[in-house]
Amino acid sequence: MRSASRLQGQKARLGGLFVALVLLQAGTAPAQDYEKEKRWSDQIGKTLMVGEAVWLEQKNGHRFIALHTKVEKSRGAVIVAHGRGWNPDFELYGSLRTMVAETGYTTLSIQLPVLPSTAILGLYVPLYPDARERFQLAVDFLKAKGHRNIAIVSHSLGATMANQYLIRTEDRSVGAWVFIGILQGLEEMYRITIPVLDVFGSDDFTVTMWGADERRKQIEKNPASAQVMVPTAKHFFEGREDELVRLIVEFLDRTFKAGTAPAAPR
């Protein structure tokens, strides 16, 4: 059963990649849904209770929202990256950006590229370069604020996009990476030398659970990296947010040696 499910997941990933390549060759890859981004940013701006909205501008002139939750004398800063088709304050991501901040880490939850809701996973592949640019802008923003200990905490497709950023960037400012319920598996992990934490739920019936053994083999070469399966947790960790945040913060504290990080200037 497990082998069959794993094979099915591999076929799905290959099928999605094939569709994306065909569309790229035909010049018909779907355009990003900037209108959806605007609707979300407008809604967030009206209801935001914790943190502040900031705008980061890409080379093409597009400005995307990021939710910055500052912590005085923070132990570090965390870039929060959402999953496919969501926004930086949606449910799990709103919980992560606020609850992690409550533990003493500044957070910056960023809007990643989105497509229309009918888009299949493979259609996001052409957007990876755009996502990499957004991660870099987030890193640059935090560096400009004086942060030295920078981490990425990413979920689902956001974790896949973070993987793509980390294996291609020449900027070594990110010192830790947490990926939660990652889709598409890991790529070129030999290029990522920083400590990583792989978190997934036992009840996450996506390719995430079935690829756990393969991911563990890829990350275990770094003794500071770890993999944790959270019992009964689903893909969005409904009702298990406290435990998820605890795992994240304990990992970041170990990695950054909590209490030794210099306070960022304000």
# chains A, B, ... in the order shown; residues from 1 in each chain; ligands from 1

call {"tool": "residues_around", "arguments": {"residues": "Gln32 of chain A", "least_positions_apart": "2", "cutoff": "8 Å", "atoms": "only C-alpha atoms", "output": "VMD selection string"}}
result
chain A and resid 30 34 113 to 116

call {"tool": "write_last_selection", "arguments": {"atoms": "C-alpha atoms", "output": "short mmCIF file (atom, residue, chain, number, x, y, z; two decimals), in the first residue's frame"}}
result
data_model
loop_
_atom_site.label_atom_id
_atom_site.label_comp_id
_atom_site.auth_asym_id
_atom_site.auth_seq_id
_atom_site.Cartn_x
_atom_site.Cartn_y
_atom_site.Cartn_z
CA PRO A 30 -0.88 30.90 -16.95
CA TYR A 34 -2.22 39.74 -9.26
CA PRO A 113 3.00 33.92 -6.29
CA VAL A 114 -0.53 32.62 -6.80
CA LEU A 115 -2.51 31.33 -9.74
CA PRO A 116 -6.27 30.99 -10.26
#

call {"tool": "closest_atom_pairs", "arguments": {"of": "segment 117-172 of chain A", "to": "segment 229-247 of chain A", "cutoff": "12 Å", "atoms": "only C-alpha atoms", "output": "JSON lines"}}
result
{"residue": "A:Val153", "atom": "CA", "partner": "A:Val245", "partner_atom": "CA", "distance": 10.2}
{"residue": "A:Ser154", "atom": "CA", "partner": "A:Phe236", "partner_atom": "CA", "distance": 11.8}
{"residue": "A:His155", "atom": "CA", "partner": "A:Phe236", "partner_atom": "CA", "distance": 8.6}
{"residue": "A:Ser156", "atom": "CA", "partner": "A:His235", "partner_atom": "CA", "distance": 8.1}
{"residue": "A:Leu157", "atom": "CA", "partner": "A:His235", "partner_atom": "CA", "distance": 11.6}

call {"tool": "write_last_selection", "arguments": {"atoms": "N, CA and C atoms", "output": "CSV table (one decimal), in the first residue's frame"}}
result
chain,number,residue,atom,x,y,z
A,153,VAL,N,10.6,29.5,7.6
A,153,VAL,CA,9.6,28.5,8.1
A,153,VAL,C,8.5,28.5,7.0
A,154,SER,N,8.4,27.3,6.3
A,154,SER,CA,7.6,27.3,5.1
A,154,SER,C,6.7,26.0,5.1
A,155,HIS,N,5.6,26.1,4.4
A,155,HIS,CA,4.6,25.1,4.4
A,155,HIS,C,4.2,24.7,3.0
A,156,SER,N,4.0,23.4,2.8
A,156,SER,CA,3.4,22.8,1.6
A,156,SER,C,4.2,23.3,0.3
A,157,LEU,N,3.5,24.0,-0.6
A,157,LEU,CA,4.2,24.4,-1.8
A,157,LEU,C,5.2,25.6,-1.5

call {"tool": "select_by_dssp", "arguments": {"residues": "segment 121-165 of chain A", "states": "alpha helix (DSSP H)", "output": "PyMOL selection string"}}
result
chain A and resi 128-144+157-165

call {"tool": "write_last_selection", "arguments": {"atoms": "N, CA and C atoms", "output": "CSV table (one decimal), in the first residue's frame"}}
result
chain,number,residue,atom,x,y,z
A,128,TYR,N,8.6,29.5,-10.0
A,128,TYR,CA,9.6,29.4,-9.0
A,128,TYR,C,10.6,30.5,-9.1
A,129,PRO,N,11.1,31.0,-10.2
A,129,PRO,CA,12.0,32.2,-10.3
A,129,PRO,C,11.4,33.4,-9.6
A,130,ASP,N,10.1,33.6,-9.8
A,130,ASP,CA,9.4,34.8,-9.1
A,130,ASP,C,9.5,34.6,-7.6
A,131,ALA,N,9.2,33.3,-7.2
A,131,ALA,CA,9.2,33.1,-5.7
A,131,ALA,C,10.6,33.3,-5.1
A,132,ARG,N,11.6,32.9,-5.9
A,132,ARG,CA,13.0,33.0,-5.4
A,132,ARG,C,13.3,34.5,-5.2
A,133,GLU,N,12.8,35.4,-6.1
A,133,GLU,CA,13.0,36.8,-6.0
A,133,GLU,C,12.3,37.3,-4.7
A,134,ARG,N,11.1,36.8,-4.5
A,134,ARG,CA,10.4,37.3,-3.3
A,134,ARG,C,11.1,36.9,-2.0
A,135,PHE,N,11.6,35.7,-2.0
A,135,PHE,CA,12.4,35.3,-0.8
A,135,PHE,C,13.6,36.2,-0.6
A,136,GLN,N,14.3,36.5,-1.7
A,136,GLN,CA,15.5,37.3,-1.5
A,136,GLN,C,15.1,38.7,-1.1
A,137,LEU,N,14.0,39.3,-1.5
A,137,LEU,CA,13.6,40.6,-1.1
A,137,LEU,C,13.3,40.5,0.4
A,138,ALA,N,12.7,39.4,0.9
A,138,ALA,CA,12.4,39.3,2.3
A,138,ALA,C,13.6,39.2,3.1
A,139,VAL,N,14.6,38.5,2.6
A,139,VAL,CA,15.9,38.4,3.3
A,139,VAL,C,16.6,39.8,3.4
A,140,ASP,N,16.6,40.5,2.3
A,140,ASP,CA,17.2,41.8,2.2
A,140,ASP,C,16.5,42.8,3.2
A,141,PHE,N,15.2,42.7,3.3
A,141,PHE,CA,14.4,43.5,4.2
A,141,PHE,C,14.9,43.3,5.6
A,142,LEU,N,15.0,42.0,6.0
A,142,LEU,CA,15.4,41.7,7.4
A,142,LEU,C,16.8,42.0,7.7
A,143,LYS,N,17.7,41.9,6.7
A,143,LYS,CA,19.1,42.3,6.9
A,143,LYS,C,19.2,43.8,7.1
A,144,ALA,N,18.4,44.5,6.3
A,144,ALA,CA,18.4,46.0,6.5
A,144,ALA,C,17.9,46.4,7.9
A,157,LEU,N,3.5,24.0,-0.6
A,157,LEU,CA,4.2,24.4,-1.8
A,157,LEU,C,5.2,25.6,-1.5
A,158,GLY,N,4.9,26.3,-0.4
A,158,GLY,CA,5.8,27.4,0.0
A,158,GLY,C,7.1,26.8,0.4
A,159,ALA,N,7.1,25.5,1.0
A,159,ALA,CA,8.3,24.8,1.3
A,159,ALA,C,9.1,24.4,0.1
A,160,THR,N,8.4,24.0,-0.9
A,160,THR,CA,9.0,23.6,-2.2
A,160,THR,C,9.7,24.8,-2.8
A,161,MET,N,9.0,26.0,-2.8
A,161,MET,CA,9.5,27.2,-3.3
A,161,MET,C,10.8,27.7,-2.5
A,162,ALA,N,10.7,27.5,-1.2
A,162,ALA,CA,11.9,27.8,-0.3
A,162,ALA,C,13.1,26.9,-0.7
A,163,ASN,N,12.8,25.6,-1.0
A,163,ASN,CA,13.8,24.7,-1.4
A,163,ASN,C,14.5,25.3,-2.7
A,164,GLN,N,13.7,25.7,-3.6
A,164,GLN,CA,14.2,26.3,-4.9
A,164,GLN,C,15.1,27.5,-4.6
A,165,TYR,N,14.7,28.3,-3.7
A,165,TYR,CA,15.4,29.5,-3.4
A,165,TYR,C,16.8,29.1,-2.8

call {"tool": "residues_around", "arguments": {"residues": "segment 57-68 of chain A", "least_positions_apart": "5", "cutoff": "7 Å", "atoms": "only C-alpha atoms", "output": "PyMOL selection string"}}
result
chain A and resi 41+51-52+107-111

call {"tool": "residues_around", "arguments": {"residues": "Tyr105 of chain A", "least_positions_apart": "4", "cutoff": "7 Å", "atoms": "only C-alpha atoms", "output": "list in words"}}
result
Val71, Ser74, Arg75, Gly76, Ala77, Val78, Val100 and Ala101 of chain A

call {"tool": "write_last_selection", "arguments": {"atoms": "C-alpha atoms", "output": "PDB file, in the first residue's frame"}}
result
ATOM      1  CA  VAL A  71       9.957  41.860  18.517  1.00  0.00           C
ATOM      2  CA  SER A  74      14.536  39.482  19.143  1.00  0.00           C
ATOM      3  CA  ARG A  75      16.597  36.290  19.031  1.00  0.00           C
ATOM      4  CA  GLY A  76      16.282  36.219  15.260  1.00  0.00           C
ATOM      5  CA  ALA A  77      13.889  36.720  12.371  1.00  0.00           C
ATOM      6  CA  VAL A  78      11.684  34.211  10.574  1.00  0.00           C
ATOM      7  CA  VAL A 100       6.418  32.487  16.742  1.00  0.00           C
ATOM      8  CA  ALA A 101       6.700  36.222  17.385  1.00  0.00           C
TER       9      ALA A 101
END

call {"tool": "residues_around", "arguments": {"residues": "Glu214 of chain A", "least_positions_apart": "4", "cutoff": "9 Å", "atoms": "only C-alpha atoms", "output": "PyMOL selection string"}}
result
chain A and resi 185-186+210+218

call {"tool": "select_by_dssp", "arguments": {"residues": "segment 61-176 of chain A", "states": "strand (DSSP E or B)", "output": "VMD selection string"}}
result
chain A and resid 63 to 69 77 to 81 106 to 110 150 to 155 174 to 176

call {"tool": "write_last_selection", "arguments": {"atoms": "N, CA, C and O atoms", "output": "mmCIF file, in the first residue's frame"}}
result
data_model
loop_
_atom_site.group_PDB
_atom_site.id
_atom_site.type_symbol
_atom_site.label_atom_id
_atom_site.label_comp_id
_atom_site.auth_asym_id
_atom_site.auth_seq_id
_atom_site.Cartn_x
_atom_site.Cartn_y
_atom_site.Cartn_z
ATOM 1 N N ARG A 63 4.453 45.044 -6.600
ATOM 2 C CA ARG A 63 4.630 45.161 -5.157
ATOM 3 C C ARG A 63 3.749 44.136 -4.471
ATOM 4 O O ARG A 63 2.564 44.021 -4.754
ATOM 5 N N PHE A 64 4.357 43.367 -3.566
ATOM 6 C CA PHE A 64 3.592 42.346 -2.845
ATOM 7 C C PHE A 64 3.650 42.619 -1.345
ATOM 8 O O PHE A 64 4.600 43.211 -0.833
ATOM 9 N N ILE A 65 2.619 42.162 -0.652
ATOM 10 C CA ILE A 65 2.487 42.445 0.774
ATOM 11 C C ILE A 65 3.302 41.452 1.600
ATOM 12 O O ILE A 65 3.463 40.280 1.236
ATOM 13 N N ALA A 66 3.814 41.945 2.714
ATOM 14 C CA ALA A 66 4.471 41.112 3.708
ATOM 15 C C ALA A 66 4.039 41.624 5.075
ATOM 16 O O ALA A 66 3.902 42.836 5.279
ATOM 17 N N LEU A 67 3.807 40.720 6.013
ATOM 18 C CA LEU A 67 3.326 41.097 7.340
ATOM 19 C C LEU A 67 4.478 40.995 8.332
ATOM 20 O O LEU A 67 4.981 39.909 8.618
ATOM 21 N N HIS A 68 4.888 42.146 8.827
ATOM 22 C CA HIS A 68 6.070 42.259 9.661
ATOM 23 C C HIS A 68 5.660 42.399 11.128
ATOM 24 O O HIS A 68 4.992 43.370 11.500
ATOM 25 N N THR A 69 6.037 41.434 11.935
ATOM 26 C CA THR A 69 5.736 41.470 13.361
ATOM 27 C C THR A 69 7.045 41.606 14.117
ATOM 28 O O THR A 69 7.798 40.639 14.272
ATOM 29 N N ALA A 77 15.024 36.344 13.224
ATOM 30 C CA ALA A 77 13.889 36.720 12.371
ATOM 31 C C ALA A 77 13.508 35.543 11.494
ATOM 32 O O ALA A 77 14.371 34.820 10.990
ATOM 33 N N VAL A 78 12.215 35.365 11.297
ATOM 34 C CA VAL A 78 11.684 34.211 10.574
ATOM 35 C C VAL A 78 10.831 34.668 9.402
ATOM 36 O O VAL A 78 9.888 35.446 9.585
ATOM 37 N N ILE A 79 11.165 34.188 8.218
ATOM 38 C CA ILE A 79 10.337 34.401 7.033
ATOM 39 C C ILE A 79 9.317 33.269 6.977
ATOM 40 O O ILE A 79 9.692 32.092 6.934
ATOM 41 N N VAL A 80 8.038 33.606 6.998
ATOM 42 C CA VAL A 80 6.968 32.602 6.934
ATOM 43 C C VAL A 80 6.446 32.531 5.507
ATOM 44 O O VAL A 80 6.077 33.558 4.921
ATOM 45 N N ALA A 81 6.428 31.326 4.942
ATOM 46 C CA ALA A 81 6.028 31.140 3.546
ATOM 47 C C ALA A 81 4.826 30.199 3.467
ATOM 48 O O ALA A 81 4.888 29.056 3.917
ATOM 49 N N THR A 106 11.196 37.869 15.634
ATOM 50 C CA THR A 106 10.504 38.727 14.666
ATOM 51 C C THR A 106 10.084 37.864 13.481
ATOM 52 O O THR A 106 10.820 36.964 13.068
ATOM 53 N N THR A 107 8.907 38.123 12.919
ATOM 54 C CA THR A 107 8.456 37.345 11.768
ATOM 55 C C THR A 107 8.106 38.261 10.600
ATOM 56 O O THR A 107 7.710 39.412 10.782
ATOM 57 N N LEU A 108 8.280 37.716 9.403
ATOM 58 C CA LEU A 108 7.894 38.402 8.171
ATOM 59 C C LEU A 108 7.191 37.376 7.292
ATOM 60 O O LEU A 108 7.833 36.523 6.681
ATOM 61 N N SER A 109 5.871 37.444 7.249
ATOM 62 C CA SER A 109 5.079 36.503 6.466
ATOM 63 C C SER A 109 4.827 37.098 5.088
ATOM 64 O O SER A 109 4.212 38.168 4.977
ATOM 65 N N ILE A 110 5.300 36.439 4.046
ATOM 66 C CA ILE A 110 5.303 37.037 2.714
ATOM 67 C C ILE A 110 4.243 36.416 1.795
ATOM 68 O O ILE A 110 3.887 35.246 1.931
ATOM 69 N N ILE A 150 18.613 34.644 10.620
ATOM 70 C CA ILE A 150 17.428 34.622 9.757
ATOM 71 C C ILE A 150 17.092 33.183 9.401
ATOM 72 O O ILE A 150 17.968 32.390 9.035
ATOM 73 N N ALA A 151 15.821 32.836 9.511
ATOM 74 C CA ALA A 151 15.351 31.488 9.185
ATOM 75 C C ALA A 151 14.150 31.576 8.256
ATOM 76 O O ALA A 151 13.481 32.611 8.173
ATOM 77 N N ILE A 152 13.884 30.483 7.568
ATOM 78 C CA ILE A 152 12.665 30.346 6.769
ATOM 79 C C ILE A 152 11.829 29.239 7.386
ATOM 80 O O ILE A 152 12.333 28.143 7.663
ATOM 81 N N VAL A 153 10.553 29.528 7.624
ATOM 82 C CA VAL A 153 9.582 28.524 8.052
ATOM 83 C C VAL A 153 8.527 28.468 6.966
ATOM 84 O O VAL A 153 7.812 29.438 6.726
ATOM 85 N N SER A 154 8.425 27.335 6.294
ATOM 86 C CA SER A 154 7.602 27.257 5.077
ATOM 87 C C SER A 154 6.718 26.020 5.109
ATOM 88 O O SER A 154 7.073 24.996 5.686
ATOM 89 N N HIS A 155 5.579 26.130 4.431
ATOM 90 C CA HIS A 155 4.590 25.051 4.450
ATOM 91 C C HIS A 155 4.174 24.662 3.040
ATOM 92 O O HIS A 155 4.026 25.518 2.164
ATOM 93 N N VAL A 174 20.483 33.161 5.265
ATOM 94 C CA VAL A 174 19.538 32.270 5.947
ATOM 95 C C VAL A 174 20.331 31.174 6.651
ATOM 96 O O VAL A 174 21.122 30.456 6.023
ATOM 97 N N GLY A 175 20.109 31.047 7.961
ATOM 98 C CA GLY A 175 20.882 30.086 8.742
ATOM 99 C C GLY A 175 20.122 28.865 9.190
ATOM 100 O O GLY A 175 20.705 27.945 9.786
ATOM 101 N N ALA A 176 18.815 28.793 8.919
ATOM 102 C CA ALA A 176 18.016 27.635 9.312
ATOM 103 C C ALA A 176 16.764 27.584 8.449
ATOM 104 O O ALA A 176 16.234 28.623 8.043
#

call {"tool": "atom_distance", "arguments": {"atom1": "atom CA of Val228 of chain A", "atom2": "atom CA of Leu197 of chain A"}}
result
7.6 Å

call {"tool": "residues_around", "arguments": {"residues": "Met209 of chain A", "least_positions_apart": "2", "cutoff": "10 Å", "atoms": "only C-alpha atoms", "output": "mmCIF file with N, CA, C and O atoms, in the first residue's frame"}}
result
data_model
loop_
_atom_site.group_PDB
_atom_site.id
_atom_site.type_symbol
_atom_site.label_atom_id
_atom_site.label_comp_id
_atom_site.auth_asym_id
_atom_site.auth_seq_id
_atom_site.Cartn_x
_atom_site.Cartn_y
_atom_site.Cartn_z
ATOM 1 N N ARG A 2 1.921 1.232 0.892
ATOM 2 C CA ARG A 2 2.794 2.381 0.982
ATOM 3 C C ARG A 2 3.558 2.583 -0.314
ATOM 4 O O ARG A 2 3.697 3.696 -0.804
ATOM 5 N N SER A 5 1.307 4.012 -2.991
ATOM 6 C CA SER A 5 1.001 5.422 -2.777
ATOM 7 C C SER A 5 2.191 6.297 -3.130
ATOM 8 O O SER A 5 2.045 7.372 -3.701
ATOM 9 N N ARG A 6 3.390 5.815 -2.774
ATOM 10 C CA ARG A 6 4.583 6.591 -3.096
ATOM 11 C C ARG A 6 4.768 6.691 -4.605
ATOM 12 O O ARG A 6 5.104 7.754 -5.135
ATOM 13 N N GLY A 181 5.147 19.817 5.927
ATOM 14 C CA GLY A 181 4.277 19.236 4.908
ATOM 15 C C GLY A 181 4.709 19.582 3.501
ATOM 16 O O GLY A 181 3.876 19.940 2.661
ATOM 17 N N ILE A 182 5.990 19.457 3.202
ATOM 18 C CA ILE A 182 6.513 19.880 1.906
ATOM 19 C C ILE A 182 5.906 19.054 0.773
ATOM 20 O O ILE A 182 5.688 17.843 0.912
ATOM 21 N N LEU A 183 5.624 19.719 -0.333
ATOM 22 C CA LEU A 183 5.150 19.040 -1.535
ATOM 23 C C LEU A 183 6.304 18.888 -2.519
ATOM 24 O O LEU A 183 7.242 19.676 -2.524
ATOM 25 N N VAL A 199 9.106 18.694 9.240
ATOM 26 C CA VAL A 199 7.960 18.391 10.100
ATOM 27 C C VAL A 199 6.778 17.973 9.231
ATOM 28 O O VAL A 199 6.468 18.639 8.241
ATOM 29 N N PHE A 200 6.129 16.893 9.607
ATOM 30 C CA PHE A 200 4.929 16.461 8.886
ATOM 31 C C PHE A 200 4.007 15.720 9.843
ATOM 32 O O PHE A 200 4.433 15.251 10.908
ATOM 33 N N GLY A 201 2.736 15.647 9.480
ATOM 34 C CA GLY A 201 1.760 14.992 10.321
ATOM 35 C C GLY A 201 1.523 13.550 9.919
ATOM 36 O O GLY A 201 1.591 13.195 8.745
ATOM 37 N N SER A 202 1.242 12.706 10.887
ATOM 38 C CA SER A 202 0.984 11.301 10.596
ATOM 39 C C SER A 202 -0.296 11.112 9.795
ATOM 40 O O SER A 202 -0.473 10.092 9.119
ATOM 41 N N ASP A 203 -1.191 12.102 9.858
ATOM 42 C CA ASP A 203 -2.457 12.022 9.119
ATOM 43 C C ASP A 203 -2.467 12.937 7.898
ATOM 44 O O ASP A 203 -3.520 13.317 7.398
ATOM 45 N N ASP A 204 -1.267 13.302 7.431
ATOM 46 C CA ASP A 204 -1.145 14.112 6.220
ATOM 47 C C ASP A 204 -1.048 13.163 5.035
ATOM 48 O O ASP A 204 0.028 12.688 4.688
ATOM 49 N N PHE A 205 -2.198 12.860 4.412
ATOM 50 C CA PHE A 205 -2.231 11.849 3.356
ATOM 51 C C PHE A 205 -1.952 12.462 1.986
ATOM 52 O O PHE A 205 -2.690 12.272 1.020
ATOM 53 N N THR A 206 -0.879 13.233 1.907
ATOM 54 C CA THR A 206 -0.361 13.710 0.635
ATOM 55 C C THR A 206 0.945 12.966 0.387
ATOM 56 O O THR A 206 1.305 12.071 1.137
ATOM 57 N N VAL A 207 1.668 13.340 -0.630
ATOM 58 C CA VAL A 207 2.957 12.694 -0.874
ATOM 59 C C VAL A 207 3.951 13.022 0.239
ATOM 60 O O VAL A 207 5.014 12.409 0.330
ATOM 61 N N GLY A 211 6.919 10.257 1.367
ATOM 62 C CA GLY A 211 8.302 10.546 0.995
ATOM 63 C C GLY A 211 9.207 10.798 2.186
ATOM 64 O O GLY A 211 10.357 11.211 2.012
ATOM 65 N N ALA A 212 8.720 10.542 3.407
ATOM 66 C CA ALA A 212 9.471 10.887 4.613
ATOM 67 C C ALA A 212 10.803 10.149 4.701
ATOM 68 O O ALA A 212 11.824 10.742 5.067
ATOM 69 N N ASP A 213 10.820 8.866 4.384
ATOM 70 C CA ASP A 213 12.062 8.093 4.481
ATOM 71 C C ASP A 213 13.123 8.638 3.538
ATOM 72 O O ASP A 213 14.297 8.765 3.896
ATOM 73 N N ARG A 215 13.323 11.708 2.378
ATOM 74 C CA ARG A 215 13.776 13.014 2.853
ATOM 75 C C ARG A 215 14.748 12.863 4.017
ATOM 76 O O ARG A 215 15.739 13.598 4.102
ATOM 77 N N MET A 229 7.741 13.628 13.016
ATOM 78 C CA MET A 229 6.369 13.338 12.632
ATOM 79 C C MET A 229 5.471 13.629 13.831
ATOM 80 O O MET A 229 5.707 13.120 14.924
ATOM 81 N N HIS A 235 -2.495 18.002 7.281
ATOM 82 C CA HIS A 235 -1.624 18.841 6.463
ATOM 83 C C HIS A 235 -1.529 20.273 6.996
ATOM 84 O O HIS A 235 -0.458 20.886 6.968
#
